[in-house]
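See below for the structure under consideration.
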Amino acid sequence: MNIKKRSFWGLLCLCTLTLTVSMLTNGCSLSSDKNATASKTGFCLDTVVSLTLYGTKEEAPLEECFSLLETYESLLSRIKEGSDVWNINHSSGMPVTVSKETAQLIETALDYSARSDGAFDITIAPLLDLWNFKPEQHEGTVPDADQIQEALSHVDYKKVQLDGATVTLLDPQASIDLGGIAKGYIADRLRDYLISEGYDSALINLGGNILTVGAKPDGSAFRVGIRKPFSESGEQLETVACKDRSVVTSGTYERYFEQDGKRYHHILSPSDGYPVENGLASVTILSPSSTDADALSTACFVLGPEKGLELIESLDGIEALFVTDELEEISSSGFQAYTIS
């Protein structure tokens, strides 16, 4: 475990995303123009999405990626009527047949729920509904204790039964939310599509969930900045070098609201129903899989640095950076190998 205190000025953060990427590229085998790029930015998955291909000016693959984004949102969104998740949550405990992709993601999510002893729990939805976070307006609702206890009684990932592509909520009043893992899963699927089409240098940014496809065209690593918590200017705390790697951060400083002088952030504890208060401001995960990075960033934040590091050190190829409210950095054993001074 590495512990240090430091901060320094970096680049401004685009669209207040958690992460910033320095995209200096100069070539790719797909085009005779070594500086060719194609990019597209839009709003999907309730966030800003930015996709960039290197070594080509073809826009058709990007259009297909955005079509895939819409497809996955129609399957995995909790609020989109008719989605797989919406159907599960409105089933009153009856079995629901879902797509292969939804079943695969729920299986992975339940595995992380078990690995983290419930720190990551996809049945957190009743609590999310209760708190009613509106991140764009920094608004929400502080429920009373009785309401929280009632919602908590329906939070238990062990009551989600998955049999092939059939999902059953053993508690009819339970409901699931895949927001803590879906963006990572979707980023991985976009990467798979681009690689299948022959693109080996790309950057996928789903609202700050970063996934680098390959390296920059010259073979060097992408540079990904990790934002300093609460920095309004986009100051960077660390910069990491990434090839075929995802960087995902969960933190308290973007989705929150204040009431009676107290700040309430959106990362809720499945054990007590309140925003987690363990002295952490953010957790960043580096992983070859964006699905893993997404789930682990939430799980490790809830677990805290000690138990979170224990989980990370048990996993191959995954590193983490924990940042406290005082900006103390606590990193996994291999994290510093990726940092750029």
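Simple scheme: letters A, B, ... for chains in structure tokens order, numbers from 1 for residues in each chain, numbers from 1 for ligands in the order shown.
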
Next item on the list: For Lys243 of chain A, work out the shell of residues within 7 Å, counting only C-alpha atoms and skipping chain neighbours fewer than 5 positions away, then give it as a list in words.
Entry: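 Everything that qualifies: Thr212, Val213, Gly214, Ala215, Ala221 and Phe222 of chain A.
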
Could you write those residues out with N, CA and C atoms, as a short mmCIF file (atom, residue, chain, number, x, y, z; two decimals), in the first residue's frame?
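part26.cif was written with the following content:
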data_model
loop_
_atom_site.label_atom_id
_atom_site.label_comp_id
_atom_site.auth_asym_id
_atom_site.auth_seq_id
_atom_site.Cartn_x
_atom_site.Cartn_y
_atom_site.Cartn_z
N THR A 212 -9.56 3.05 -23.16
CA THR A 212 -8.66 3.22 -24.30
C THR A 212 -8.60 1.92 -25.07
N VAL A 213 -8.77 2.01 -26.38
CA VAL A 213 -8.66 0.86 -27.27
C VAL A 213 -7.26 0.89 -27.86
N GLY A 214 -6.45 -0.09 -27.50
CA GLY A 214 -5.07 -0.10 -27.96
C GLY A 214 -4.27 1.05 -27.38
N ALA A 215 -3.35 1.56 -28.18
CA ALA A 215 -2.51 2.68 -27.80
C ALA A 215 -2.71 3.80 -28.81
N ALA A 221 1.36 5.30 -24.95
CA ALA A 221 0.13 5.18 -24.17
C ALA A 221 -0.69 6.47 -24.21
N PHE A 222 -2.00 6.32 -24.07
CA PHE A 222 -2.86 7.47 -23.84
C PHE A 222 -2.56 8.01 -22.44
#

Checklist line | Within 9 Å of Glu258 of chain A using only C-alpha atoms, minus same-chain residues under 6 positions, as a ChimeraX atom specification | finding: /A:138-140,264-265

Notebook entry, point to check: Would you give me, as a VMD selection string, the residues in segment 177-318 of chain A that DSSP reads as helix (DSSP H, G or I)?
Noted result: chain A and resid 182 to 196 290 to 313

Can you list, as a CSV table (one decimal) with all heavy atoms, in the first residue's frame, every residue of segment 142-297 of chain A that DSSP puts in strand (DSSP E or B)?
chain,number,residue,atom,x,y,z
A,160,VAL,N,-32.2,-11.7,-5.7
A,160,VAL,CA,-32.3,-11.7,-7.2
A,160,VAL,C,-31.9,-13.0,-7.7
A,160,VAL,O,-30.8,-13.5,-7.5
A,160,VAL,CB,-31.3,-10.6,-7.8
A,160,VAL,CG1,-31.5,-10.6,-9.3
A,160,VAL,CG2,-31.7,-9.2,-7.2
A,161,GLN,N,-32.8,-13.7,-8.3
A,161,GLN,CA,-32.6,-15.1,-8.8
A,161,GLN,C,-32.4,-15.0,-10.3
A,161,GLN,O,-33.3,-14.5,-11.0
A,161,GLN,CB,-33.7,-16.0,-8.4
A,161,GLN,CG,-33.5,-17.4,-8.8
A,161,GLN,CD,-34.7,-18.3,-8.4
A,161,GLN,OE1,-35.8,-18.3,-9.0
A,161,GLN,NE2,-34.6,-19.0,-7.2
A,162,LEU,N,-31.3,-15.5,-10.8
A,162,LEU,CA,-31.0,-15.6,-12.2
A,162,LEU,C,-30.9,-17.0,-12.7
A,162,LEU,O,-30.0,-17.8,-12.2
A,162,LEU,CB,-29.7,-14.8,-12.5
A,162,LEU,CG,-29.2,-14.8,-14.0
A,162,LEU,CD1,-30.2,-14.0,-14.8
A,162,LEU,CD2,-27.9,-14.1,-14.1
A,163,ASP,N,-31.7,-17.4,-13.6
A,163,ASP,CA,-31.7,-18.8,-14.2
A,163,ASP,C,-31.7,-18.6,-15.7
A,163,ASP,O,-32.7,-18.4,-16.4
A,163,ASP,CB,-33.0,-19.5,-13.7
A,163,ASP,CG,-33.0,-20.9,-14.2
A,163,ASP,OD1,-31.9,-21.4,-14.8
A,163,ASP,OD2,-34.0,-21.6,-14.1
A,166,THR,N,-33.7,-15.8,-17.4
A,166,THR,CA,-34.9,-15.5,-16.6
A,166,THR,C,-34.5,-14.9,-15.2
A,166,THR,O,-33.7,-15.5,-14.5
A,166,THR,CB,-35.7,-16.7,-16.4
A,166,THR,OG1,-36.1,-17.3,-17.6
A,166,THR,CG2,-37.0,-16.4,-15.6
A,167,VAL,N,-35.0,-13.7,-14.9
A,167,VAL,CA,-34.7,-13.0,-13.7
A,167,VAL,C,-36.0,-13.0,-12.8
A,167,VAL,O,-37.1,-12.6,-13.3
A,167,VAL,CB,-34.3,-11.6,-13.9
A,167,VAL,CG1,-33.9,-10.9,-12.6
A,167,VAL,CG2,-33.1,-11.6,-14.9
A,168,THR,N,-35.8,-13.3,-11.5
A,168,THR,CA,-36.9,-13.3,-10.6
A,168,THR,C,-36.5,-12.5,-9.4
A,168,THR,O,-35.5,-12.8,-8.8
A,168,THR,CB,-37.4,-14.7,-10.2
A,168,THR,OG1,-37.7,-15.5,-11.4
A,168,THR,CG2,-38.7,-14.6,-9.3
A,169,LEU,N,-37.3,-11.6,-9.0
A,169,LEU,CA,-37.1,-10.9,-7.7
A,169,LEU,C,-37.9,-11.6,-6.6
A,169,LEU,O,-39.1,-11.6,-6.6
A,169,LEU,CB,-37.6,-9.4,-7.8
A,169,LEU,CG,-36.8,-8.5,-8.8
A,169,LEU,CD1,-37.4,-7.1,-8.8
A,169,LEU,CD2,-35.3,-8.5,-8.5
A,201,SER,N,-7.1,1.7,-32.5
A,201,SER,CA,-6.7,2.9,-31.7
A,201,SER,C,-7.9,3.8,-31.6
A,201,SER,O,-8.4,4.4,-32.5
A,201,SER,CB,-5.6,3.6,-32.4
A,201,SER,OG,-5.1,4.7,-31.6
A,202,ALA,N,-8.4,3.9,-30.3
A,202,ALA,CA,-9.7,4.6,-30.1
A,202,ALA,C,-9.8,5.0,-28.7
A,202,ALA,O,-9.1,4.4,-27.8
A,202,ALA,CB,-10.9,3.8,-30.5
A,203,LEU,N,-10.6,6.0,-28.4
A,203,LEU,CA,-10.9,6.5,-27.1
A,203,LEU,C,-12.4,6.5,-26.9
A,203,LEU,O,-13.1,7.1,-27.6
A,203,LEU,CB,-10.3,7.9,-26.9
A,203,LEU,CG,-10.5,8.4,-25.5
A,203,LEU,CD1,-9.6,7.7,-24.5
A,203,LEU,CD2,-10.1,9.9,-25.4
A,204,ILE,N,-12.9,5.8,-25.8
A,204,ILE,CA,-14.3,5.8,-25.5
A,204,ILE,C,-14.4,6.5,-24.1
A,204,ILE,O,-13.8,6.2,-23.2
A,204,ILE,CB,-14.8,4.4,-25.4
A,204,ILE,CG1,-14.6,3.7,-26.7
A,204,ILE,CG2,-16.2,4.3,-24.9
A,204,ILE,CD1,-14.8,2.1,-26.6
A,205,ASN,N,-15.3,7.6,-24.1
A,205,ASN,CA,-15.5,8.3,-22.9
A,205,ASN,C,-17.0,8.4,-22.7
A,205,ASN,O,-17.7,9.2,-23.3
A,205,ASN,CB,-14.9,9.7,-23.1
A,205,ASN,CG,-15.0,10.6,-21.8
A,205,ASN,OD1,-15.8,10.3,-20.9
A,205,ASN,ND2,-14.1,11.6,-21.7
A,206,LEU,N,-17.5,7.6,-21.7
A,206,LEU,CA,-18.9,7.6,-21.4
A,206,LEU,C,-19.0,8.4,-20.1
A,206,LEU,O,-19.1,7.8,-19.0
A,206,LEU,CB,-19.4,6.2,-21.2
A,206,LEU,CG,-19.2,5.3,-22.5
A,206,LEU,CD1,-19.9,4.0,-22.2
A,206,LEU,CD2,-19.7,6.0,-23.8
A,209,ASN,N,-16.2,7.8,-17.7
A,209,ASN,CA,-15.8,6.4,-17.7
A,209,ASN,C,-14.9,6.2,-19.0
A,209,ASN,O,-15.4,6.2,-20.1
A,209,ASN,CB,-16.9,5.4,-17.8
A,209,ASN,CG,-17.6,5.2,-16.4
A,209,ASN,OD1,-17.8,6.2,-15.7
A,209,ASN,ND2,-18.0,4.0,-16.1
A,210,ILE,N,-13.6,6.1,-18.8
A,210,ILE,CA,-12.7,6.1,-19.9
A,210,ILE,C,-12.2,4.7,-20.3
A,210,ILE,O,-11.9,3.9,-19.4
A,210,ILE,CB,-11.4,7.0,-19.6
A,210,ILE,CG1,-11.8,8.4,-19.2
A,210,ILE,CG2,-10.5,7.0,-20.8
A,210,ILE,CD1,-12.4,9.2,-20.3
A,211,LEU,N,-12.2,4.4,-21.6
A,211,LEU,CA,-11.7,3.1,-22.0
A,211,LEU,C,-10.8,3.4,-23.2
A,211,LEU,O,-11.3,4.0,-24.2
A,211,LEU,CB,-12.8,2.1,-22.4
A,211,LEU,CG,-12.4,0.8,-23.0
A,211,LEU,CD1,-11.5,0.1,-22.0
A,211,LEU,CD2,-13.6,-0.1,-23.3
A,212,THR,N,-9.6,3.0,-23.2
A,212,THR,CA,-8.7,3.2,-24.3
A,212,THR,C,-8.6,1.9,-25.1
A,212,THR,O,-8.4,0.8,-24.5
A,212,THR,CB,-7.2,3.6,-23.8
A,212,THR,OG1,-6.7,2.6,-23.0
A,212,THR,CG2,-7.3,4.9,-23.1
A,213,VAL,N,-8.8,2.0,-26.4
A,213,VAL,CA,-8.7,0.9,-27.3
A,213,VAL,C,-7.3,0.9,-27.9
A,213,VAL,O,-6.9,1.8,-28.6
A,213,VAL,CB,-9.7,0.9,-28.4
A,213,VAL,CG1,-9.6,-0.3,-29.3
A,213,VAL,CG2,-11.1,1.0,-27.8
A,214,GLY,N,-6.4,-0.1,-27.5
A,214,GLY,CA,-5.1,-0.1,-28.0
A,214,GLY,C,-4.3,1.1,-27.4
A,214,GLY,O,-4.5,1.5,-26.3
A,222,PHE,N,-2.0,6.3,-24.1
A,222,PHE,CA,-2.9,7.5,-23.8
A,222,PHE,C,-2.6,8.0,-22.4
A,222,PHE,O,-2.2,7.3,-21.5
A,222,PHE,CB,-4.3,7.1,-23.9
A,222,PHE,CG,-4.8,6.8,-25.3
A,222,PHE,CD1,-4.8,5.4,-25.7
A,222,PHE,CD2,-5.3,7.8,-26.1
A,222,PHE,CE1,-5.3,5.2,-27.0
A,222,PHE,CE2,-5.8,7.5,-27.4
A,222,PHE,CZ,-5.8,6.2,-27.9
A,223,ARG,N,-2.7,9.3,-22.3
A,223,ARG,CA,-2.6,9.9,-21.0
A,223,ARG,C,-3.9,10.3,-20.4
A,223,ARG,O,-4.7,11.1,-21.0
A,223,ARG,CB,-1.7,11.2,-21.1
A,223,ARG,CG,-0.3,10.9,-21.6
A,223,ARG,CD,0.4,12.1,-22.1
A,223,ARG,NE,0.6,13.1,-21.0
A,223,ARG,CZ,1.7,13.2,-20.2
A,223,ARG,NH1,2.7,12.4,-20.4
A,223,ARG,NH2,1.8,14.1,-19.3
A,224,VAL,N,-4.3,9.8,-19.3
A,224,VAL,CA,-5.6,10.0,-18.7
A,224,VAL,C,-5.4,10.7,-17.3
A,224,VAL,O,-4.7,10.2,-16.4
A,224,VAL,CB,-6.4,8.7,-18.4
A,224,VAL,CG1,-7.7,9.0,-17.8
A,224,VAL,CG2,-6.5,7.9,-19.7
A,225,GLY,N,-6.0,11.9,-17.2
A,225,GLY,CA,-5.9,12.6,-16.0
A,225,GLY,C,-7.0,12.3,-15.0
A,225,GLY,O,-8.2,12.1,-15.3
A,226,ILE,N,-6.6,12.1,-13.7
A,226,ILE,CA,-7.6,11.9,-12.6
A,226,ILE,C,-7.8,13.2,-11.9
A,226,ILE,O,-6.9,13.8,-11.4
A,226,ILE,CB,-7.0,10.8,-11.7
A,226,ILE,CG1,-6.8,9.5,-12.4
A,226,ILE,CG2,-8.0,10.6,-10.5
A,226,ILE,CD1,-6.1,8.4,-11.6
A,227,ARG,N,-9.1,13.6,-11.9
A,227,ARG,CA,-9.4,14.9,-11.4
A,227,ARG,C,-9.2,15.0,-9.8
A,227,ARG,O,-9.5,14.1,-9.1
A,227,ARG,CB,-10.9,15.2,-11.7
A,227,ARG,CG,-11.3,16.6,-11.3
A,227,ARG,CD,-12.7,16.8,-11.7
A,227,ARG,NE,-13.3,18.0,-11.1
A,227,ARG,CZ,-14.6,18.4,-11.2
A,227,ARG,NH1,-15.4,17.7,-11.8
A,227,ARG,NH2,-15.0,19.5,-10.6
A,236,GLN,N,-5.8,18.5,-12.0
A,236,GLN,CA,-5.6,17.1,-12.0
A,236,GLN,C,-4.7,16.7,-10.9
A,236,GLN,O,-3.7,17.3,-10.5
A,236,GLN,CB,-4.9,16.7,-13.3
A,236,GLN,CG,-5.7,17.0,-14.6
A,236,GLN,CD,-7.0,16.4,-14.6
A,236,GLN,OE1,-7.2,15.2,-14.6
A,236,GLN,NE2,-8.1,17.2,-14.6
A,237,LEU,N,-5.1,15.6,-10.2
A,237,LEU,CA,-4.4,15.0,-9.1
A,237,LEU,C,-3.2,14.1,-9.6
A,237,LEU,O,-2.1,14.1,-9.0
A,237,LEU,CB,-5.3,14.3,-8.2
A,237,LEU,CG,-4.8,14.0,-6.8
A,237,LEU,CD1,-4.6,15.2,-6.0
A,237,LEU,CD2,-5.9,13.1,-6.0
A,238,GLU,N,-3.6,13.3,-10.5
A,238,GLU,CA,-2.6,12.3,-11.1
A,238,GLU,C,-2.9,12.2,-12.6
A,238,GLU,O,-4.0,12.5,-13.1
A,238,GLU,CB,-2.7,11.0,-10.5
A,238,GLU,CG,-2.3,10.9,-9.0
A,238,GLU,CD,-0.8,10.8,-8.8
A,238,GLU,OE1,-0.1,11.0,-9.8
A,238,GLU,OE2,-0.4,10.7,-7.6
A,239,THR,N,-1.8,11.7,-13.3
A,239,THR,CA,-2.0,11.4,-14.7
A,239,THR,C,-1.5,10.0,-14.9
A,239,THR,O,-0.4,9.7,-14.4
A,239,THR,CB,-1.3,12.3,-15.7
A,239,THR,OG1,-1.7,13.7,-15.5
A,239,THR,CG2,-1.5,12.0,-17.1
A,240,VAL,N,-2.2,9.1,-15.6
A,240,VAL,CA,-1.8,7.7,-15.7
A,240,VAL,C,-1.7,7.4,-17.2
A,240,VAL,O,-2.4,8.0,-18.1
A,240,VAL,CB,-2.8,6.7,-15.1
A,240,VAL,CG1,-2.8,6.9,-13.6
A,240,VAL,CG2,-4.2,7.0,-15.6
A,241,ALA,N,-0.8,6.5,-17.5
A,241,ALA,CA,-0.6,6.0,-18.9
A,241,ALA,C,-1.4,4.8,-19.1
A,241,ALA,O,-1.3,3.8,-18.4
A,241,ALA,CB,0.9,5.7,-19.1
A,242,CYS,N,-2.1,4.8,-20.2
A,242,CYS,CA,-3.1,3.7,-20.5
A,242,CYS,C,-3.0,3.1,-21.9
A,242,CYS,O,-3.0,3.9,-22.9
A,242,CYS,CB,-4.5,4.1,-20.3
A,242,CYS,SG,-4.9,4.6,-18.6
A,246,SER,N,-9.1,0.6,-18.9
A,246,SER,CA,-10.2,1.5,-18.5
A,246,SER,C,-9.8,2.3,-17.2
A,246,SER,O,-9.1,1.7,-16.3
A,246,SER,CB,-11.5,0.7,-18.3
A,246,SER,OG,-12.6,1.6,-18.0
A,247,VAL,N,-10.3,3.5,-17.1
A,247,VAL,CA,-10.1,4.3,-15.9
A,247,VAL,C,-11.4,4.8,-15.5
A,247,VAL,O,-12.1,5.6,-16.2
A,247,VAL,CB,-9.1,5.5,-16.1
A,247,VAL,CG1,-8.8,6.2,-14.8
A,247,VAL,CG2,-7.8,5.0,-16.7
A,248,VAL,N,-11.9,4.4,-14.3
A,248,VAL,CA,-13.2,4.8,-13.8
A,248,VAL,C,-13.1,5.3,-12.4
A,248,VAL,O,-12.5,4.7,-11.6
A,248,VAL,CB,-14.2,3.7,-13.9
A,248,VAL,CG1,-15.6,4.1,-13.4
A,248,VAL,CG2,-14.4,3.1,-15.3
A,249,THR,N,-13.8,6.5,-12.2
A,249,THR,CA,-13.7,7.1,-10.8
A,249,THR,C,-15.2,7.2,-10.3
A,249,THR,O,-16.1,7.6,-11.0
A,249,THR,CB,-13.1,8.5,-10.9
A,249,THR,OG1,-11.8,8.4,-11.2
A,249,THR,CG2,-13.2,9.2,-9.5
A,250,SER,N,-15.3,6.9,-9.0
A,250,SER,CA,-16.5,7.2,-8.2
A,250,SER,C,-16.1,8.2,-7.1
A,250,SER,O,-15.1,8.0,-6.4
A,250,SER,CB,-17.1,5.9,-7.6
A,250,SER,OG,-17.7,5.0,-8.5
A,251,GLY,N,-16.9,9.3,-7.0
A,251,GLY,CA,-16.6,10.3,-6.1
A,251,GLY,C,-17.8,11.0,-5.5
A,251,GLY,O,-18.9,10.8,-6.0
A,256,TYR,N,-24.4,15.5,-6.0
A,256,TYR,CA,-24.7,15.8,-4.5
A,256,TYR,C,-25.7,16.9,-4.4
A,256,TYR,O,-26.0,17.6,-5.4
A,256,TYR,CB,-23.4,16.2,-3.8
A,256,TYR,CG,-22.8,17.5,-4.2
A,256,TYR,CD1,-23.2,18.7,-3.6
A,256,TYR,CD2,-21.9,17.5,-5.3
A,256,TYR,CE1,-22.7,19.9,-4.0
A,256,TYR,CE2,-21.4,18.7,-5.7
A,256,TYR,CZ,-21.8,19.9,-5.1
A,256,TYR,OH,-21.3,21.1,-5.5
A,257,PHE,N,-26.2,17.1,-3.2
A,257,PHE,CA,-27.0,18.3,-3.0
A,257,PHE,C,-26.8,18.7,-1.5
A,257,PHE,O,-26.2,17.9,-0.7
A,257,PHE,CB,-28.5,18.1,-3.2
A,257,PHE,CG,-29.2,17.1,-2.3
A,257,PHE,CD1,-29.8,17.5,-1.1
A,257,PHE,CD2,-29.2,15.7,-2.5
A,257,PHE,CE1,-30.4,16.6,-0.2
A,257,PHE,CE2,-29.8,14.8,-1.7
A,257,PHE,CZ,-30.4,15.3,-0.5
A,258,GLU,N,-27.1,19.9,-1.1
A,258,GLU,CA,-26.9,20.4,0.2
A,258,GLU,C,-28.3,20.8,0.8
A,258,GLU,O,-29.1,21.3,0.2
A,258,GLU,CB,-26.0,21.6,0.2
A,258,GLU,CG,-24.6,21.2,-0.2
A,258,GLU,CD,-23.6,22.4,-0.2
A,258,GLU,OE1,-24.1,23.5,0.2
A,258,GLU,OE2,-22.4,22.3,-0.5
A,259,GLN,N,-28.4,20.4,2.1
A,259,GLN,CA,-29.6,20.8,2.9
A,259,GLN,C,-29.2,21.1,4.3
A,259,GLN,O,-28.5,20.3,4.9
A,259,GLN,CB,-30.6,19.7,2.8
A,259,GLN,CG,-31.9,20.0,3.5
A,259,GLN,CD,-33.0,19.0,3.3
A,259,GLN,OE1,-33.3,18.6,2.1
A,259,GLN,NE2,-33.7,18.5,4.3
A,262,LYS,N,-25.5,20.7,5.2
A,262,LYS,CA,-24.9,19.4,5.1
A,262,LYS,C,-24.9,18.9,3.6
A,262,LYS,O,-26.0,19.1,3.0
A,262,LYS,CB,-25.6,18.4,6.0
A,262,LYS,CG,-24.9,17.0,6.0
A,262,LYS,CD,-25.6,16.1,7.0
A,262,LYS,CE,-25.0,14.7,6.9
A,262,LYS,NZ,-23.5,14.6,7.2
A,263,ARG,N,-23.9,18.4,3.2
A,263,ARG,CA,-23.8,17.9,1.8
A,263,ARG,C,-24.1,16.4,1.8
A,263,ARG,O,-23.6,15.6,2.6
A,263,ARG,CB,-22.4,18.1,1.3
A,263,ARG,CG,-22.2,17.6,-0.2
A,263,ARG,CD,-20.7,17.6,-0.6
A,263,ARG,NE,-20.2,19.0,-0.6
A,263,ARG,CZ,-19.9,19.6,-1.7
A,263,ARG,NH1,-20.0,19.0,-2.9
A,263,ARG,NH2,-19.4,20.9,-1.7
A,264,TYR,N,-25.0,16.0,0.8
A,264,TYR,CA,-25.4,14.6,0.7
A,264,TYR,C,-25.0,14.1,-0.7
A,264,TYR,O,-25.5,14.7,-1.7
A,264,TYR,CB,-26.9,14.4,0.9
A,264,TYR,CG,-27.4,14.8,2.3
A,264,TYR,CD1,-27.8,16.1,2.5
A,264,TYR,CD2,-27.4,13.8,3.3
A,264,TYR,CE1,-28.2,16.5,3.8
A,264,TYR,CE2,-27.9,14.2,4.6
A,264,TYR,CZ,-28.3,15.5,4.8
A,264,TYR,OH,-28.7,15.8,6.1
A,265,HIS,N,-24.1,13.1,-0.9
A,265,HIS,CA,-23.7,12.7,-2.2
A,265,HIS,C,-24.5,11.4,-2.5
A,265,HIS,O,-25.2,10.8,-1.7
A,265,HIS,CB,-22.2,12.4,-2.2
A,265,HIS,CG,-21.7,11.4,-1.3
A,265,HIS,ND1,-21.8,10.0,-1.6
A,265,HIS,CD2,-21.1,11.4,-0.1
A,265,HIS,CE1,-21.3,9.3,-0.6
A,265,HIS,NE2,-20.9,10.2,0.4
A,268,LEU,N,-24.7,5.6,-2.0
A,268,LEU,CA,-25.4,5.2,-0.8
A,268,LEU,C,-24.9,3.9,-0.2
A,268,LEU,O,-24.5,3.0,-1.0
A,268,LEU,CB,-26.9,5.1,-1.1
A,268,LEU,CG,-27.6,6.3,-1.7
A,268,LEU,CD1,-29.1,6.0,-2.0
A,268,LEU,CD2,-27.5,7.5,-0.7
A,275,PRO,N,-25.8,8.3,2.5
A,275,PRO,CA,-24.6,8.5,1.8
A,275,PRO,C,-23.4,8.0,2.6
A,275,PRO,O,-23.3,8.2,3.8
A,275,PRO,CB,-24.5,10.0,1.5
A,275,PRO,CG,-26.0,10.4,1.5
A,275,PRO,CD,-26.7,9.5,2.5
A,280,LEU,N,-13.6,9.2,2.5
A,280,LEU,CA,-13.1,9.2,1.1
A,280,LEU,C,-13.8,10.2,0.2
A,280,LEU,O,-15.0,10.5,0.4
A,280,LEU,CB,-13.4,7.8,0.5
A,280,LEU,CG,-12.5,6.7,0.9
A,280,LEU,CD1,-12.9,5.4,0.3
A,280,LEU,CD2,-11.0,7.0,0.6
A,281,ALA,N,-13.1,10.8,-0.7
A,281,ALA,CA,-13.7,11.7,-1.7
A,281,ALA,C,-13.8,11.1,-3.0
A,281,ALA,O,-14.7,11.4,-3.8
A,281,ALA,CB,-12.8,13.0,-1.8
A,282,SER,N,-12.9,10.1,-3.3
A,282,SER,CA,-13.0,9.4,-4.6
A,282,SER,C,-12.2,8.1,-4.6
A,282,SER,O,-11.3,7.9,-3.8
A,282,SER,CB,-12.5,10.3,-5.8
A,282,SER,OG,-11.1,10.5,-5.7
A,283,VAL,N,-12.6,7.2,-5.5
A,283,VAL,CA,-11.9,6.0,-5.8
A,283,VAL,C,-11.8,5.8,-7.3
A,283,VAL,O,-12.8,5.9,-8.0
A,283,VAL,CB,-12.5,4.7,-5.2
A,283,VAL,CG1,-11.8,3.5,-5.6
A,283,VAL,CG2,-12.6,4.8,-3.7
A,284,THR,N,-10.5,5.6,-7.8
A,284,THR,CA,-10.3,5.4,-9.2
A,284,THR,C,-9.8,4.0,-9.4
A,284,THR,O,-8.8,3.6,-8.7
A,284,THR,CB,-9.3,6.4,-9.7
A,284,THR,OG1,-9.9,7.8,-9.6
A,284,THR,CG2,-9.0,6.2,-11.2
A,285,ILE,N,-10.3,3.3,-10.4
A,285,ILE,CA,-9.9,2.0,-10.7
A,285,ILE,C,-9.3,1.9,-12.1
A,285,ILE,O,-9.8,2.5,-13.0
A,285,ILE,CB,-11.1,1.0,-10.7
A,285,ILE,CG1,-11.8,1.0,-9.3
A,285,ILE,CG2,-10.6,-0.4,-11.0
A,285,ILE,CD1,-11.0,0.6,-8.1
A,286,LEU,N,-8.2,1.2,-12.2
A,286,LEU,CA,-7.6,1.0,-13.5
A,286,LEU,C,-7.7,-0.5,-13.8
A,286,LEU,O,-7.3,-1.4,-13.0
A,286,LEU,CB,-6.1,1.3,-13.5
A,286,LEU,CG,-5.7,2.8,-13.8
A,286,LEU,CD1,-6.1,3.6,-12.6
A,286,LEU,CD2,-4.2,2.9,-14.0
A,287,SER,N,-8.3,-0.9,-15.0
A,287,SER,CA,-8.6,-2.3,-15.3
A,287,SER,C,-8.6,-2.5,-16.8
A,287,SER,O,-9.1,-1.6,-17.5
A,287,SER,CB,-9.9,-2.7,-14.6
A,287,SER,OG,-10.3,-4.0,-15.1

Note to self: Using Å and a single decimal, report how far atom CA of Ala38 of chain A sits from atom CA of Lys57 of chain A.
What the structure shows: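 Separation between atom CA of Lys57 of chain A and atom CA of Ala38 of chain A: 4.7 Å.
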
Checklist line | Atom-to-atom span, atom CA of Leu309 of chain A and atom CA of Phe120 of chain A, Å | finding: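 We find that atom CA of Leu309 of chain A and atom CA of Phe120 of chain A lie 14.9 Å from each other.
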
Next item on the list: Would you work out the distance separating atom CA of Thr56 of chain A from atom CA of Asp192 of chain A, expressed in Å to one decimal?
Entry: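 Rounded to one decimal, the two atoms are 17.7 Å apart.
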
Checklist line | Pick from A:Val302, A:Val85, A:Ile312, A:Leu45 nearest to Gly273 of chain A, counting only C-alpha atoms | finding: A:Val302

Notebook entry, point to check: Quick one: of A:Leu76, A:Ile148, A:Ser297, A:Trp86, who's nearest to Ala103 of chain A, counting only C-alpha atoms?
Noted result: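 Closest residue, counting only C-alpha atoms: A:Leu76.
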
Margin query: At a cut-off of 10 Å, using only C-alpha atoms, what residues contact Phe66 of chain A? Leave out same-chain residues fewer than 3 positions from it and give the result as JSON, numbers by chain.
Written below: {"A": [40, 41, 42, 43, 44, 49, 50, 51, 61, 62, 63, 69, 70, 71, 72, 190]}

Notebook entry, point to check: Which residue, A:Pro95, A:Gly207, A:Gly180, A:Pro126, has the smallest gap to Leu296 of chain A when you use only C-alpha atoms?
Noted result: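 Result for the nearest residue to Leu296 of chain A: A:Gly180.
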
Notebook entry, point to check: Taking into account only C-alpha atoms, which residue in the set A:Ser231, A:Ser91, A:Ser331, A:Thr123 is nearest to Pro270 of chain A?
Noted result: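 Using only C-alpha atoms, the shortest distance to Pro270 of chain A belongs to A:Thr123.
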
Next item on the list: For Lys158 of chain A, work out the shell of residues within 9 Å, counting only C-alpha atoms and skipping chain neighbours fewer than 6 positions away, then give it as a ChimeraX atom specification.
Entry: /A:110,113-114,170
